[in-house]
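Enquirer: Below is the structure I would like to discuss, written out as structure tokens.
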Amino acid sequence: MQTLAPGAIFKFGQTWGKLLKRKAFTRGSEIGLIFSGILIGIGAGCAVSGMSWISKALHSLIFGIEMSEWLSASEIENKLVVLCAPIVGGIILGCVLFILSRRRKRAMVDPIEANALYGGRISLTDSVIVAVQNLISNGFGASVGLEAGYTQLSAGLASKLGSKLKLRREDMRVLVGCGAAGAIAAAFNAPLTGAFYAFELIIGTYSMVALAPVVVSAIVATFVARGFSGDSFLIEVGEIGTITPADYIPAIALGAICAGVGILIMQGVAFIEETARKSSLPPYLRPALGGILIGLMAMVTPQVLSAGHGALHINLDSQAPVQVLICLFLLKSVASAVSIGSGFRGGLFFASLFMGALLGKIFAMPADFITTGSLTPTVLAVVGMSALAVAIIGGPLTMTFLALEITADFPITALVLAAVITSSLVVRNTFGYSFATWRFHLRGESIRSAHDVGWIRNLTVDKLMRADVKCAKLAMSLDEFREAFPLGSAKRAILLDDNDRYAGIVSIPEVYAEEVESTKPRTEVKDFLQFENDFLLPNMNAKQAAEIFDQAHAEALPVINNLIDRRVIGQLSEAHTLRRYSEELDRRRREAVGEI
């Protein structure tokens with residue numbers, strides 16, 4: 001087997017590194033981004049190969065299997081090892097979590113969150129920590145895949161490169177997408193899958209500027225990983241005959257079923273996490289408890305261990321009874337939910353593929369009544385794996401291209417496309433979240449995708465407001481007010497009570513205007529008060545401020561420090577807010593299409 005020489009890769013990286021140090025070459029340059037994508041693809045391929053090798057080495061060392069074997073496809077005679085390994089892994093991971101809780105207070109940011117809120121900035125140290133936690137979890141048999149660690153580490157390397165080059169916000173987001181694309185492409189030997197994973201899930205949009213660097217990174221990472229390991233993830237589906245229009249009916253039905261199952265799995269993970277939080281058990285003890293449950297299920301069948309690569313191949317080729325497949329599906333879904341919910345680090349990418357394949361084979365029996373017979377259980381397994389992965393992970397085109405690249409069969413890909421569109425549509429309209437964004441929602445975040453919304457959060461009231469405000473005391477007489485604020489000196493004045501708390505706004509021209517109705521003449525300044533309960537807070541963003549202006553029908557409002565003190569610290573007008581908001585929107589649009 002031909003492998004790549006690490007020295008050659010290092011020299012290649014040094015050469016491009018010297019070129020990329022010329023920041024003027026990289027910033028704002030599509031060619032520079034492509035060269036950066038090449039470097040990131042090399043890094044991602046090496047990261048995936050290295051993590052995969054470490055994981056297999058741990059499986060071999062702990063469970064006593066050959067390095068060439070998949071853990072979930074192995075026959076492990078020592079049941080005590082099967083029971084204890086996840087528990088030991090939970091204890092080790094708990095120790096890591098305990099140390100981190102004492103030394104690191106901030107939450108770790110994943111690529112989706114980084115691109116949505118922080119302009120693509122990810123801590124490389126945090127990424128390494130996540131990768132180590134993922135290796136511990138997967139290496140000791142927890143029912144999680146390594147894809148989360150792959151993408152986190154690769155995206156962290158990409159973000160570090162972008163920071164060194166001092167790239168602009170949009171370019172940083174593209175580089176993080178390059179890292180994720182390279183990771184998924186290397187993991188599945190599928191460059192198109194990796195590229196569209198980046199577009200749909202990490203960058204949040206497709207643009208011509210991002211196309212070349214993302215695709216190049218995915219291709220390079222695939223070749224690097226193939227050069228190191230030579231492994232490829234392929235599914236042989238055999239002869240399937242001619243697919244007729246009637247065959248799309250069971251595919252669409254399976255897509256809808258997978259959507260419902262995916263929602264149940266995501267809610268199951270959330271239920272276990274919420275139950276663990278409400279318990280008195282500290283976070284660092286939860287993985288060990290989860291390891292007990294995983295070990296007990298693994299004693300029934302080792303196919304629930306790790307991500308499930310070997311188990312997927314076994315069940316695609318086997319003719320197991322439906323009852324056995326249902327039992328295995330339930331065990332794997334519970335094991336995955338317990339693993340994530342109890343604190344093991346990892347993702348559900350491959351686990352969702354495995355469970356979807358099981359659903360497809362289970363569905364094959366009733367599907368026989370509504371098909372022409374050309375849809376074999378293996379074909380439905382491919383459809384099911386893509387549809388369930390879309391329901392949980394998201395990315396309809398990502399999973400469609402994955403089916404194409406692992407089967408190399410266009411008729412099956414058309415069926416998959418119908419199923420994933422159905423699954424995505426059902427999930428969006430009934431649940432509204434993917435697994436990642438659902439967990440953000442549980443944490444209180446409002447993001448639904450990696451689409452860049454961080455800029456609007458940075459466009460806050462305290463950055464937009466004017467600090468030089470005209471203030472007056474509420475107890476002033478009209479004469480004193482007119483003397484302090486001559487006509488034309490300002491449009492409005494902010495009134496404060498005796499404790500210097502915000503009391504309202506007075507229109508200065510209105511104070512000087514002739515009274516048309518004399519039935520109840522206004523003789524005091526407080527008679528002219530407006531917007532007594534309308535104000536802005538400094539941490540509000542421009543969008544929130546615009547909504548308050550619209551509700552209050554105000555041209556300008558004061559900014560107070562907080563709801564208790566109500567000290568006026570500035571003033572902001574609706575016109576300025578909308579102008580700055582529109583400018584930023586236009587800038588993001590132009591960056592996305594490559595105009596700037």
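In the structure tokens, chains take letters A, B, ... by order of appearance, with residues numbered from 1 within each chain and ligands from 1 in the order shown.
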Using backbone DSSP assignments, extract all alpha helix (DSSP H) residues from stretch 48-161 of chain A; output them as a ChimeraX atom specification.

Expert: /A:48-63,79-103,111-117,124-139,147-161

Enquirer: For A:Asn499, find every residue with an atom within 10 Å (counting only C-alpha atoms), except residues of its own chain fewer than 2 positions away, and show them as an MDAnalysis selection string.

Expert: chainID A and resid 473 496:497 501:502 565:567

Enquirer: May I have the selected residues written with all heavy atoms, as a short mmCIF file (atom, residue, chain, number, x, y, z; two decimals), in the first residue's frame?

Expert:
```
data_model
loop_
_atom_site.label_atom_id
_atom_site.label_comp_id
_atom_site.auth_asym_id
_atom_site.auth_seq_id
_atom_site.Cartn_x
_atom_site.Cartn_y
_atom_site.Cartn_z
N LYS A 473 -33.78 68.59 34.36
CA LYS A 473 -34.48 68.09 35.53
C LYS A 473 -35.99 68.18 35.34
O LYS A 473 -36.51 69.14 34.75
CB LYS A 473 -34.08 68.89 36.77
CG LYS A 473 -32.67 68.60 37.28
CD LYS A 473 -32.59 67.18 37.84
CE LYS A 473 -31.23 66.93 38.49
NZ LYS A 473 -31.16 65.59 39.08
N LEU A 496 -34.80 64.00 33.72
CA LEU A 496 -34.41 63.14 34.82
C LEU A 496 -35.17 63.55 36.07
O LEU A 496 -35.45 64.73 36.27
CB LEU A 496 -32.90 63.23 35.08
CG LEU A 496 -31.98 63.06 33.86
CD1 LEU A 496 -30.53 63.28 34.27
CD2 LEU A 496 -32.17 61.69 33.24
N ASP A 497 -35.47 62.57 36.93
CA ASP A 497 -36.15 62.91 38.18
C ASP A 497 -35.13 63.37 39.20
O ASP A 497 -33.93 63.54 38.90
CB ASP A 497 -36.97 61.72 38.68
CG ASP A 497 -36.12 60.50 38.99
OD1 ASP A 497 -34.88 60.63 39.10
OD2 ASP A 497 -36.68 59.39 39.11
N ARG A 501 -32.78 59.56 37.60
CA ARG A 501 -33.28 58.42 36.85
C ARG A 501 -34.09 58.91 35.65
O ARG A 501 -34.71 59.97 35.71
CB ARG A 501 -34.18 57.54 37.75
CG ARG A 501 -33.40 56.82 38.85
CD ARG A 501 -34.35 56.36 39.97
NE ARG A 501 -35.44 55.55 39.45
CZ ARG A 501 -35.43 54.23 39.32
NH1 ARG A 501 -34.32 53.56 39.69
NH2 ARG A 501 -36.46 53.57 38.87
N TYR A 502 -34.07 58.16 34.59
CA TYR A 502 -34.76 58.55 33.37
C TYR A 502 -36.25 58.69 33.63
O TYR A 502 -36.90 57.81 34.22
CB TYR A 502 -34.53 57.51 32.28
CG TYR A 502 -35.41 57.70 31.06
CD1 TYR A 502 -35.26 58.82 30.25
CD2 TYR A 502 -36.40 56.77 30.73
CE1 TYR A 502 -36.06 59.00 29.14
CE2 TYR A 502 -37.21 56.94 29.62
CZ TYR A 502 -37.04 58.06 28.83
OH TYR A 502 -37.85 58.25 27.74
N ASP A 565 -31.12 51.09 37.91
CA ASP A 565 -30.62 52.46 38.11
C ASP A 565 -31.25 53.45 37.13
O ASP A 565 -31.47 54.61 37.48
CB ASP A 565 -29.10 52.49 37.95
CG ASP A 565 -28.40 51.67 39.02
OD1 ASP A 565 -28.98 51.49 40.10
OD2 ASP A 565 -27.28 51.19 38.76
N ARG A 566 -31.49 53.01 35.89
CA ARG A 566 -32.08 53.86 34.85
C ARG A 566 -31.27 55.14 34.63
O ARG A 566 -31.83 56.21 34.39
CB ARG A 566 -33.54 54.19 35.18
CG ARG A 566 -34.47 52.99 35.09
CD ARG A 566 -35.85 53.29 35.63
NE ARG A 566 -36.54 54.31 34.87
CZ ARG A 566 -37.52 54.06 34.01
NH1 ARG A 566 -37.92 52.82 33.80
NH2 ARG A 566 -38.14 55.04 33.38
N ARG A 567 -29.96 55.04 34.69
CA ARG A 567 -29.08 56.19 34.43
C ARG A 567 -28.92 56.36 32.93
O ARG A 567 -28.59 55.39 32.22
CB ARG A 567 -27.71 56.00 35.07
CG ARG A 567 -27.74 55.70 36.56
CD ARG A 567 -28.18 56.88 37.36
NE ARG A 567 -28.17 56.60 38.80
CZ ARG A 567 -28.65 57.41 39.72
NH1 ARG A 567 -29.18 58.58 39.35
NH2 ARG A 567 -28.62 57.09 41.00
#
```

Enquirer: Please list as a PyMOL selection string every residue within 10 Å of A:Pro321, counting only C-alpha atoms and excluding residues in the same chain fewer than 4 positions away.

Expert: chain A and resi 325-326+361-362

Enquirer: Leaving out A:Leu192 and any residue of its chain fewer than 3 positions from it, which residues lie within 7 Å of it when counting only C-alpha atoms, given as a list in words?

Expert: Ala195, Phe196 and Phe401 of chain A

Enquirer: Determine, counting only C-alpha atoms, which protein, DNA and RNA residues have an atom within 12 Å of an atom of A:Ala513; residues of the same chain fewer than 6 positions away are not included. Present the result as a ChimeraX atom specification.

Expert: /A:482,487,507,522,528

Enquirer: Neighbours of stretch 246-254 of chain A within 12 Å (only C-alpha atoms; same-chain residues fewer than 6 positions away dropped), as a ChimeraX atom specification?

Expert: /A:240,260-262,356-377,379-388,391,411-426

Enquirer: Rounded to one decimal in Å, what is the spacing between atom CA of A:Lys491 and atom CA of A:Leu585?

Expert: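 Taking atom CA of A:Lys491 and atom CA of A:Leu585, their separation equals 29.1 Å.
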
Enquirer: Extract, using only C-alpha atoms, all DNA, RNA and protein residues at most 9 Å from stretch 81-93 of chain A, discarding same-chain residues fewer than 4 positions from it, and format them as an MDAnalysis selection string.

Expert: chainID A and resid 62:63 76:77 97:98 133 136:142 284:299 302 305 343:345

Enquirer: Restricting the calculation to only C-alpha atoms: of A:Thr437, A:Ser55, A:Ser68, A:Asn78, which residue gets closest to A:Asp110?

Expert: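 For A:Asp110, the nearest of the candidates is A:Thr437.
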
Enquirer: Find, counting only C-alpha atoms, the residue in A:Glu584, A:Glu510, A:Asp317, A:Glu75 that gets nearest to A:Asn458.

Expert: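 With only C-alpha atoms as the atom set, the closest residue is A:Glu584.
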
Enquirer: Rounded to one decimal, what separation in Å do you get between atom CA of A:Phe329 and atom CA of A:Ile263?

Expert: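 Atom-to-atom, atom CA of A:Phe329 to atom CA of A:Ile263, that is 15.2 Å.
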
Enquirer: For atom CA of A:Ala575 and atom CA of A:Glu555, determine how far apart the two atoms are, in Å to one decimal place.

Expert: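 Between atom CA of A:Ala575 and atom CA of A:Glu555 the gap is 7.3 Å.
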